[in-house]
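This is protein07.txt. It holds compact mmCIF, C-alpha atoms.
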# COMPACT_ATOMS: atom_id res chain seq x y z
CA MET A 1 -130.35 202.87 77.82
CA SER A 2 -130.73 205.00 80.94
CA ALA A 3 -129.07 208.43 80.90
CA ILE A 4 -127.83 207.64 84.43
CA SER A 5 -126.54 204.25 85.54
CA ILE A 6 -127.37 202.62 88.87
CA GLY A 7 -123.85 203.30 90.16
CA GLN A 8 -124.02 206.94 89.14
CA ALA A 9 -127.47 207.22 90.74
CA ALA A 10 -126.06 205.92 94.04
CA VAL A 11 -123.22 208.43 93.96
CA LEU A 12 -125.61 211.28 93.20
CA GLY A 13 -127.89 210.05 95.99
CA VAL A 14 -125.02 210.33 98.47
CA VAL A 15 -124.16 213.83 97.25
CA GLU A 16 -127.80 214.90 97.45
CA GLY A 17 -128.26 213.45 100.93
CA VAL A 18 -125.12 215.05 102.34
CA THR A 19 -125.58 218.49 100.80
CA GLU A 20 -129.34 219.13 100.56
CA PHE A 21 -129.67 220.65 104.01
CA LEU A 22 -126.12 221.81 104.59
CA PRO A 23 -125.59 225.42 103.45
CA VAL A 24 -123.20 224.37 100.67
CA SER A 25 -125.59 224.00 97.68
CA SER A 26 -126.83 220.54 96.79
CA THR A 27 -127.59 221.70 93.23
CA GLY A 28 -124.04 222.97 92.81
CA HIS A 29 -122.51 219.77 94.13
CA LEU A 30 -124.80 217.62 91.99
CA LYS A 31 -123.90 219.58 88.85
CA ILE A 32 -120.18 219.33 89.66
CA THR A 33 -120.48 215.59 90.29
CA GLU A 34 -122.47 215.09 87.11
CA GLY A 35 -119.83 217.01 85.18
CA LEU A 36 -117.02 214.88 86.62
CA MET A 37 -118.96 211.73 85.64
CA HIS A 38 -119.56 213.18 82.15
CA ILE A 39 -123.33 213.33 82.64
CA PRO A 40 -124.88 216.23 80.64
CA VAL A 41 -126.02 218.68 83.33
CA ASP A 42 -128.49 220.43 81.00
CA ASP A 43 -130.22 217.23 79.83
CA THR A 44 -133.95 217.39 80.67
CA SER A 45 -134.01 213.92 82.18
CA VAL A 46 -130.92 214.65 84.30
CA VAL A 47 -132.44 217.89 85.62
CA GLY A 48 -135.57 215.93 86.43
CA PHE A 49 -133.57 213.17 88.14
CA THR A 50 -131.85 215.60 90.49
CA ALA A 51 -135.22 217.11 91.45
CA VAL A 52 -136.81 213.72 92.06
CA ILE A 53 -134.07 212.35 94.34
CA GLN A 54 -134.61 215.43 96.51
CA VAL A 55 -137.84 213.73 97.56
CA GLY A 56 -135.71 211.15 99.36
CA ALA A 57 -134.07 213.93 101.36
CA ILE A 58 -137.48 215.49 102.06
CA ALA A 59 -138.76 212.12 103.28
CA ALA A 60 -135.85 212.15 105.75
CA VAL A 61 -137.00 215.56 107.05
CA LEU A 62 -140.57 214.31 107.38
CA LEU A 63 -139.38 211.35 109.43
CA TYR A 64 -136.89 213.31 111.55
CA PHE A 65 -139.40 216.05 112.38
CA PHE A 66 -142.45 213.77 112.43
CA LYS A 67 -143.58 214.83 115.91
CA ASP A 68 -143.18 218.54 115.12
CA ILE A 69 -144.97 218.21 111.79
CA THR A 70 -147.81 216.20 113.36
CA ARG A 71 -148.20 218.88 116.05
CA ILE A 72 -148.27 221.71 113.50
CA VAL A 73 -150.67 219.96 111.11
CA SER A 74 -152.96 218.98 113.99
CA ALA A 75 -153.04 222.59 115.21
CA TRP A 76 -153.83 223.74 111.67
CA GLY A 77 -156.70 221.27 111.41
CA ARG A 78 -158.13 222.32 114.77
CA GLY A 79 -157.84 225.97 113.79
CA LEU A 80 -159.82 225.39 110.60
CA ARG A 81 -162.69 224.02 112.70
CA ASN A 82 -162.43 226.16 115.82
CA ARG A 83 -161.90 229.93 115.82
CA GLU A 84 -160.38 229.91 119.32
CA GLU A 85 -157.61 227.56 118.18
CA ARG A 86 -156.45 230.10 115.60
CA GLN A 87 -154.40 231.95 118.19
CA ASN A 88 -152.16 228.90 118.51
CA HIS A 89 -148.67 229.67 117.15
CA ASP A 90 -148.53 226.29 115.38
CA TYR A 91 -151.77 227.05 113.51
CA LYS A 92 -150.36 230.38 112.34
CA PHE A 93 -147.02 228.80 111.45
CA ALA A 94 -148.72 226.23 109.20
CA TRP A 95 -150.32 229.03 107.18
CA TRP A 96 -147.05 230.95 107.10
CA VAL A 97 -145.27 227.96 105.52
CA ILE A 98 -148.00 227.80 102.86
CA TYR A 99 -147.83 231.53 102.13
CA ALA A 100 -144.01 231.55 102.15
CA THR A 101 -143.96 228.83 99.49
CA ILE A 102 -145.97 230.84 96.96
CA PRO A 103 -143.09 233.13 95.79
CA ILE A 104 -140.76 230.22 94.96
CA VAL A 105 -143.56 228.41 93.10
CA VAL A 106 -144.43 231.46 90.99
CA VAL A 107 -140.81 232.24 90.10
CA GLY A 108 -140.00 228.57 89.56
CA LEU A 109 -142.74 228.13 86.97
CA ALA A 110 -142.02 231.47 85.28
CA ALA A 111 -138.24 230.99 85.06
CA LYS A 112 -138.14 227.22 84.41
CA LYS A 113 -136.49 227.46 80.98
CA LEU A 114 -133.97 230.03 82.20
CA VAL A 115 -133.05 227.92 85.23
CA GLU A 116 -132.62 224.78 83.15
CA GLY A 117 -130.70 226.69 80.48
CA PRO A 118 -128.17 229.56 80.91
CA LEU A 119 -128.42 229.68 84.71
CA GLY A 120 -127.54 225.99 84.91
CA SER A 121 -123.96 226.65 83.82
CA LEU A 122 -121.15 225.58 86.14
CA TRP A 123 -119.73 229.11 85.80
CA VAL A 124 -122.89 230.36 87.53
CA VAL A 125 -122.51 227.64 90.17
CA ALA A 126 -118.92 228.65 90.92
CA GLY A 127 -119.76 232.34 91.18
CA SER A 128 -122.81 231.67 93.33
CA LEU A 129 -120.83 229.46 95.72
CA ILE A 130 -118.32 232.25 96.32
CA VAL A 131 -120.81 235.15 96.51
CA GLY A 132 -123.13 233.11 98.73
CA SER A 133 -120.22 232.47 101.08
CA GLY A 134 -119.79 236.21 101.60
CA VAL A 135 -123.50 236.62 102.29
CA MET A 136 -123.48 233.77 104.79
CA TRP A 137 -120.42 235.09 106.62
CA ALA A 138 -121.90 238.60 106.83
CA ALA A 139 -125.25 237.28 108.06
CA ASP A 140 -123.60 235.22 110.79
CA GLN A 141 -121.62 238.26 111.93
CA MET A 142 -124.56 240.68 111.73
CA GLY A 143 -127.12 238.47 113.44
CA ARG A 144 -127.57 238.85 117.18
CA HIS A 145 -128.83 235.23 117.58
CA LYS A 146 -131.30 236.32 120.26
CA ARG A 147 -134.61 234.98 118.90
CA GLY A 148 -135.78 231.39 119.14
CA GLU A 149 -138.24 229.30 117.13
CA ASP A 150 -141.23 230.52 119.18
CA ASP A 151 -140.37 234.11 118.17
CA VAL A 152 -140.81 233.48 114.43
CA THR A 153 -143.36 235.83 112.84
CA PHE A 154 -145.24 235.98 109.53
CA LYS A 155 -142.72 238.53 108.26
CA ASP A 156 -139.83 236.19 109.13
CA ALA A 157 -141.44 233.27 107.31
CA MET A 158 -142.16 235.31 104.17
CA LEU A 159 -138.66 236.79 103.98
CA VAL A 160 -136.93 233.48 104.64
CA GLY A 161 -139.25 231.62 102.25
CA SER A 162 -138.68 234.19 99.50
CA ALA A 163 -134.92 233.80 99.95
CA GLN A 164 -135.27 230.38 98.32
CA ILE A 165 -135.61 232.21 95.02
CA LEU A 166 -131.89 233.10 95.15
CA ALA A 167 -130.97 229.43 95.13
CA LEU A 168 -133.44 228.72 92.34
CA LEU A 169 -132.07 231.41 90.03
CA PHE A 170 -128.42 230.97 91.01
CA PRO A 171 -127.62 227.29 91.56
CA GLY A 172 -124.65 227.22 93.88
CA PHE A 173 -126.04 229.91 96.16
CA SER A 174 -127.72 227.15 98.23
CA ARG A 175 -131.35 227.07 99.34
CA SER A 176 -130.27 226.25 102.89
CA GLY A 177 -127.58 228.94 102.78
CA ALA A 178 -129.99 231.59 101.51
CA THR A 179 -132.74 230.78 104.01
CA MET A 180 -130.41 230.39 106.99
CA SER A 181 -128.58 233.61 106.16
CA THR A 182 -131.85 235.53 105.92
CA ALA A 183 -133.01 234.06 109.24
CA LEU A 184 -129.72 235.05 110.90
CA ILE A 185 -130.05 238.62 109.61
CA LEU A 186 -133.49 238.63 111.26
CA ASP A 187 -131.70 237.80 114.55
CA LEU A 188 -132.89 234.19 114.87
CA ASP A 189 -130.40 231.94 116.61
CA ARG A 190 -128.58 229.32 114.53
CA VAL A 191 -130.74 226.36 115.60
CA ALA A 192 -133.99 228.27 114.98
CA ALA A 193 -132.68 229.45 111.60
CA THR A 194 -131.76 225.90 110.63
CA ARG A 195 -135.09 224.39 111.72
CA LEU A 196 -137.04 227.13 109.92
CA SER A 197 -135.05 226.38 106.78
CA PHE A 198 -136.04 222.71 107.06
CA PHE A 199 -139.75 223.39 107.48
CA LEU A 200 -139.91 225.92 104.64
CA GLY A 201 -138.06 223.53 102.33
CA ILE A 202 -140.55 220.69 102.67
CA PRO A 203 -143.35 221.95 100.34
CA ALA A 204 -141.02 223.62 97.84
CA LEU A 205 -138.70 220.64 97.36
CA THR A 206 -141.49 218.07 97.42
CA GLY A 207 -143.42 220.02 94.80
CA ALA A 208 -140.33 220.35 92.60
CA GLY A 209 -139.67 216.62 92.78
CA LEU A 210 -143.22 215.64 91.88
CA TYR A 211 -143.36 218.23 89.09
CA GLU A 212 -140.14 216.94 87.51
CA LEU A 213 -141.01 213.24 87.88
CA LYS A 214 -142.51 213.01 84.40
CA ASP A 215 -139.34 214.41 82.78
CA ALA A 216 -137.04 212.14 84.75
CA ALA A 217 -139.01 208.95 84.14
CA GLY A 218 -140.08 209.70 80.59
CA ALA A 219 -136.96 211.19 79.05
CA GLY A 220 -134.16 208.72 79.60
CA VAL A 221 -133.75 207.89 83.29
CA GLY A 222 -134.85 204.40 84.27
CA ALA A 223 -137.07 203.55 87.25
CA VAL A 224 -134.30 201.59 89.00
CA PRO A 225 -131.70 204.42 88.99
CA LEU A 226 -134.43 206.81 90.21
CA ALA A 227 -135.34 204.44 93.05
CA VAL A 228 -131.70 203.87 94.02
CA GLY A 229 -130.83 207.58 94.00
CA THR A 230 -133.92 208.46 96.05
CA ALA A 231 -133.37 205.69 98.62
CA VAL A 232 -129.70 206.55 99.11
CA SER A 233 -130.47 210.26 99.46
CA PHE A 234 -133.06 209.43 102.15
CA VAL A 235 -130.65 207.45 104.33
CA VAL A 236 -127.76 209.87 103.98
CA ALA A 237 -129.95 212.97 104.44
CA TYR A 238 -131.36 211.65 107.73
CA ALA A 239 -127.86 211.33 109.15
CA SER A 240 -126.92 214.74 107.74
CA ILE A 241 -129.89 216.45 109.42
CA ALA A 242 -129.08 214.95 112.82
CA TRP A 243 -125.45 216.02 112.52
CA LEU A 244 -126.22 219.57 111.34
CA LEU A 245 -128.60 220.38 114.21
CA LYS A 246 -126.00 219.26 116.76
CA TYR A 247 -123.26 221.19 114.95
CA VAL A 248 -125.01 224.56 114.69
CA ALA A 249 -125.95 224.45 118.37
CA LYS A 250 -122.29 224.94 119.26
CA HIS A 251 -120.52 226.31 116.17
CA SER A 252 -120.73 229.23 113.74
CA PHE A 253 -121.15 228.80 109.97
CA ASN A 254 -117.52 229.73 109.27
CA ALA A 255 -116.52 226.17 108.33
CA PHE A 256 -119.20 226.11 105.63
CA VAL A 257 -118.11 229.54 104.37
CA ILE A 258 -114.49 228.40 103.97
CA TYR A 259 -115.54 225.12 102.33
CA ARG A 260 -117.77 226.91 99.80
CA ILE A 261 -114.98 229.31 98.83
CA VAL A 262 -112.52 226.44 98.33
CA ILE A 263 -115.01 224.50 96.18
CA GLY A 264 -115.96 227.60 94.19
CA VAL A 265 -112.37 228.61 93.46
CA GLY A 266 -111.48 225.01 92.62
CA LEU A 267 -114.41 224.80 90.22
CA LEU A 268 -113.35 228.03 88.51
CA GLY A 269 -109.91 226.51 88.04
CA LEU A 270 -111.30 223.32 86.50
CA LEU A 271 -113.49 225.32 84.14
CA ALA A 272 -110.75 227.77 83.17
CA THR A 273 -108.32 224.95 82.32
CA GLY A 274 -110.92 222.99 80.38
CA ALA A 275 -110.72 220.04 82.79
CA LEU A 276 -114.48 220.37 83.29
CA ASN A 277 -117.11 221.35 80.75
CA ALA A 278 -119.48 224.09 81.88
As structure tokens:
Amino acid sequence: MSAISIGQAAVLGVVEGVTEFLPVSSTGHLKITEGLMHIPVDDTSVVGFTAVIQVGAIAAVLLYFFKDITRIVSAWGRGLRNREERQNHDYKFAWWVIYATIPIVVVGLAAKKLVEGPLGSLWVVAGSLIVGSGVMWAADQMGRHKRGEDDVTFKDAMLVGSAQILALLFPGFSRSGATMSTALILDLDRVAATRLSFFLGIPALTGAGLYELKDAAGAGVGAVPLAVGTAVSFVVAYASIAWLLKYVAKHSFNAFVIYRIVIGVGLLGLLATGALNA
């Protein structure tokens, strides 16, 4: 008997697709949804399932940014063969993405049991949603939004990539929220901050999904629910990406800040009254 039914997998796929790249915490929303559906959030197979369906969302990014990714990878390949090509910004950016992924990989492997245990509590999610909202609001106010994607440096990539650790250790903080906030503090404009967050998320999230696949498939989650959840997250995430890039081009992040606070306070209320198990 699968730990997650096909219907539940579809619902979780929608939640993952909508929230993975919005700065509202996909992990937090998945844990809340799992709690409401009485799915044990600390079950190994469930943790693995949520990581695997992220691959669907990552596939959506790969498709949406296919031309950009092809350009960057091609420049990287040319640079490996030709020294003159190494001055190309795309060649450098490819290496920066690789380097910026190392911190999250190291911390992820070292803190795996802690992340899947005490830090997976819905109390942590609620607190992280609220605290992360304050960070995001401050970053949007502090940032001068004067630098574009072509102005990204190695330092920017490393700082923004390392910010993913906040979301890893404090589910609810939001990987997108942490990376976008850091990019805004570094004076990148909102569109550049959002696109950088997408590119830096590709290796980290793909690696997490592949690493957790064995736990999801071998510890109680059937192949069909996994396939359904991943497929649904792919379709919904693609639409979510397109919408977000259009939104941030003309709006601040205030709507996300307010939404996160409302969800965080509401979650605290559900936990305090016993309506939801942490």
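Residue nearest Trp76 of chain A within the list A:Val115, A:Ala183, A:Val224, A:Ala94: A:Ala94 [criterion: smallest interatomic distance, only C-alpha atoms].
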Find the residues near Lys31 of chain A: any atom within 8 Å, counting only C-alpha atoms, skip ones fewer than 3 places away on the same chain, and give them as a PDB file with C-alpha atoms, in the frame of the given file.
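What landed in result03.pdb:
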ATOM      1  CA  THR A  27    -127.590 221.700  93.230  1.00  0.00           C
ATOM      2  CA  GLY A  28    -124.040 222.970  92.810  1.00  0.00           C
ATOM      3  CA  GLU A  34    -122.470 215.090  87.110  1.00  0.00           C
ATOM      4  CA  GLY A  35    -119.830 217.010  85.180  1.00  0.00           C
ATOM      5  CA  VAL A  41    -126.020 218.680  83.330  1.00  0.00           C
ATOM      6  CA  LEU A 122    -121.150 225.580  86.140  1.00  0.00           C
TER       7      LEU A 122
END
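With all atoms listed in the file as the atoms that count, the residue of A:Ala126, A:Val235, A:Ala110, A:Ile98 with the shortest distance to Gln54 of chain A is A:Val235.
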Please report, as a tab-separated table, each residue of segment 149-234 of chain A lying at most 10 Å from segment 239-244 of chain A, together with the nearest pair of atoms and the separation in Å rounded to one decimal; use all atoms listed in the file, and order rows by chain and ascending residue number.
residue	atom	partner	partner_atom	distance
A:Val191	CA	A:Leu244	CA	9.2
A:Thr194	CA	A:Leu244	CA	8.4
A:Arg195	CA	A:Ile241	CA	9.8
A:Phe198	CA	A:Ile241	CA	9.1
A:Phe234	CA	A:Ala239	CA	8.9
Saved selection, atoms kept: C-alpha atoms, as a PDB file, keeping the file's coordinate frame:
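Heads up, here's the output in out_34.pdb:
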ATOM      1  CA  VAL A 191    -130.740 226.360 115.600  1.00  0.00           C
ATOM      2  CA  THR A 194    -131.760 225.900 110.630  1.00  0.00           C
ATOM      3  CA  ARG A 195    -135.090 224.390 111.720  1.00  0.00           C
ATOM      4  CA  PHE A 198    -136.040 222.710 107.060  1.00  0.00           C
ATOM      5  CA  PHE A 234    -133.060 209.430 102.150  1.00  0.00           C
TER       6      PHE A 234
END
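Take the candidates A:Gly207, A:Gly108, A:Pro118, A:Pro225 and check each one against Leu168 of chain A using all atoms listed in the file; the shortest distance goes to A:Gly108.
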- Task: Show which residues sit within 7 Å of Leu184 of chain A, as a list in words. Count all atoms listed in the file, and ignore same-chain residues fewer than 6 positions away.
- Result: Ala139, Asp140, Gly143, His145, Arg190 and Ala193 of chain A
My structure is short of atoms at segment 229-252 of chain A; please model N, CA, C and O atoms there, returning them as a short mmCIF file (atom, residue, chain, number, x, y, z; two decimals), keeping the file's coordinate frame.
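Writing the result to rebuild-v2.cif gives the following:
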data_model
loop_
_atom_site.label_atom_id
_atom_site.label_comp_id
_atom_site.auth_asym_id
_atom_site.auth_seq_id
_atom_site.Cartn_x
_atom_site.Cartn_y
_atom_site.Cartn_z
N GLY A 229 -131.26 206.23 93.63
CA GLY A 229 -130.83 207.58 94.00
C GLY A 229 -131.69 208.16 95.11
O GLY A 229 -131.18 208.79 96.05
N THR A 230 -133.00 207.93 95.04
CA THR A 230 -133.92 208.46 96.05
C THR A 230 -133.72 207.77 97.40
O THR A 230 -133.70 208.43 98.45
N ALA A 231 -133.55 206.44 97.37
CA ALA A 231 -133.37 205.69 98.62
C ALA A 231 -132.06 206.07 99.31
O ALA A 231 -132.02 206.26 100.53
N VAL A 232 -131.00 206.19 98.53
CA VAL A 232 -129.70 206.55 99.11
C VAL A 232 -129.75 207.96 99.69
O VAL A 232 -129.23 208.22 100.79
N SER A 233 -130.39 208.89 98.97
CA SER A 233 -130.47 210.26 99.46
C SER A 233 -131.25 210.32 100.77
O SER A 233 -130.94 211.12 101.67
N PHE A 234 -132.26 209.47 100.93
CA PHE A 234 -133.06 209.43 102.15
C PHE A 234 -132.21 209.04 103.35
O PHE A 234 -132.20 209.71 104.38
N VAL A 235 -131.46 207.95 103.22
CA VAL A 235 -130.65 207.45 104.33
C VAL A 235 -129.56 208.44 104.71
O VAL A 235 -129.37 208.76 105.90
N VAL A 236 -128.86 208.95 103.71
CA VAL A 236 -127.76 209.87 103.98
C VAL A 236 -128.27 211.20 104.52
O VAL A 236 -127.67 211.80 105.42
N ALA A 237 -129.39 211.70 103.99
CA ALA A 237 -129.95 212.97 104.44
C ALA A 237 -130.38 212.91 105.90
O ALA A 237 -130.20 213.88 106.64
N TYR A 238 -130.93 211.79 106.33
CA TYR A 238 -131.36 211.65 107.73
C TYR A 238 -130.18 211.84 108.67
O TYR A 238 -130.26 212.57 109.67
N ALA A 239 -129.07 211.19 108.33
CA ALA A 239 -127.86 211.33 109.15
C ALA A 239 -127.32 212.75 109.10
O ALA A 239 -126.85 213.30 110.10
N SER A 240 -127.41 213.37 107.93
CA SER A 240 -126.92 214.74 107.74
C SER A 240 -127.72 215.74 108.58
O SER A 240 -127.15 216.66 109.18
N ILE A 241 -129.03 215.56 108.64
CA ILE A 241 -129.89 216.45 109.42
C ILE A 241 -129.53 216.38 110.91
O ILE A 241 -129.38 217.40 111.58
N ALA A 242 -129.40 215.16 111.40
CA ALA A 242 -129.08 214.95 112.82
C ALA A 242 -127.74 215.60 113.16
O ALA A 242 -127.60 216.27 114.20
N TRP A 243 -126.77 215.44 112.27
CA TRP A 243 -125.45 216.02 112.52
C TRP A 243 -125.50 217.54 112.49
O TRP A 243 -124.93 218.21 113.36
N LEU A 244 -126.20 218.12 111.51
CA LEU A 244 -126.22 219.57 111.34
C LEU A 244 -126.84 220.27 112.55
O LEU A 244 -126.31 221.28 113.03
N LEU A 245 -127.94 219.74 113.07
CA LEU A 245 -128.60 220.38 114.21
C LEU A 245 -127.71 220.37 115.45
O LEU A 245 -127.70 221.33 116.23
N LYS A 246 -126.94 219.31 115.63
CA LYS A 246 -126.00 219.26 116.76
C LYS A 246 -124.84 220.22 116.53
O LYS A 246 -124.38 220.89 117.46
N TYR A 247 -124.41 220.33 115.28
CA TYR A 247 -123.26 221.19 114.95
C TYR A 247 -123.57 222.66 115.16
O TYR A 247 -122.80 223.39 115.82
N VAL A 248 -124.71 223.13 114.62
CA VAL A 248 -125.01 224.56 114.69
C VAL A 248 -125.34 225.02 116.11
O VAL A 248 -125.32 226.22 116.39
N ALA A 249 -125.66 224.08 116.99
CA ALA A 249 -125.95 224.45 118.37
C ALA A 249 -124.70 224.96 119.09
O ALA A 249 -124.81 225.70 120.07
N LYS A 250 -123.53 224.59 118.58
CA LYS A 250 -122.29 224.94 119.26
C LYS A 250 -121.26 225.66 118.38
O LYS A 250 -120.24 226.12 118.88
N HIS A 251 -121.51 225.74 117.08
CA HIS A 251 -120.52 226.31 116.17
C HIS A 251 -121.14 227.37 115.25
O HIS A 251 -122.34 227.37 115.01
N SER A 252 -120.30 228.24 114.73
CA SER A 252 -120.73 229.23 113.74
C SER A 252 -120.75 228.55 112.36
O SER A 252 -120.44 227.36 112.23
#
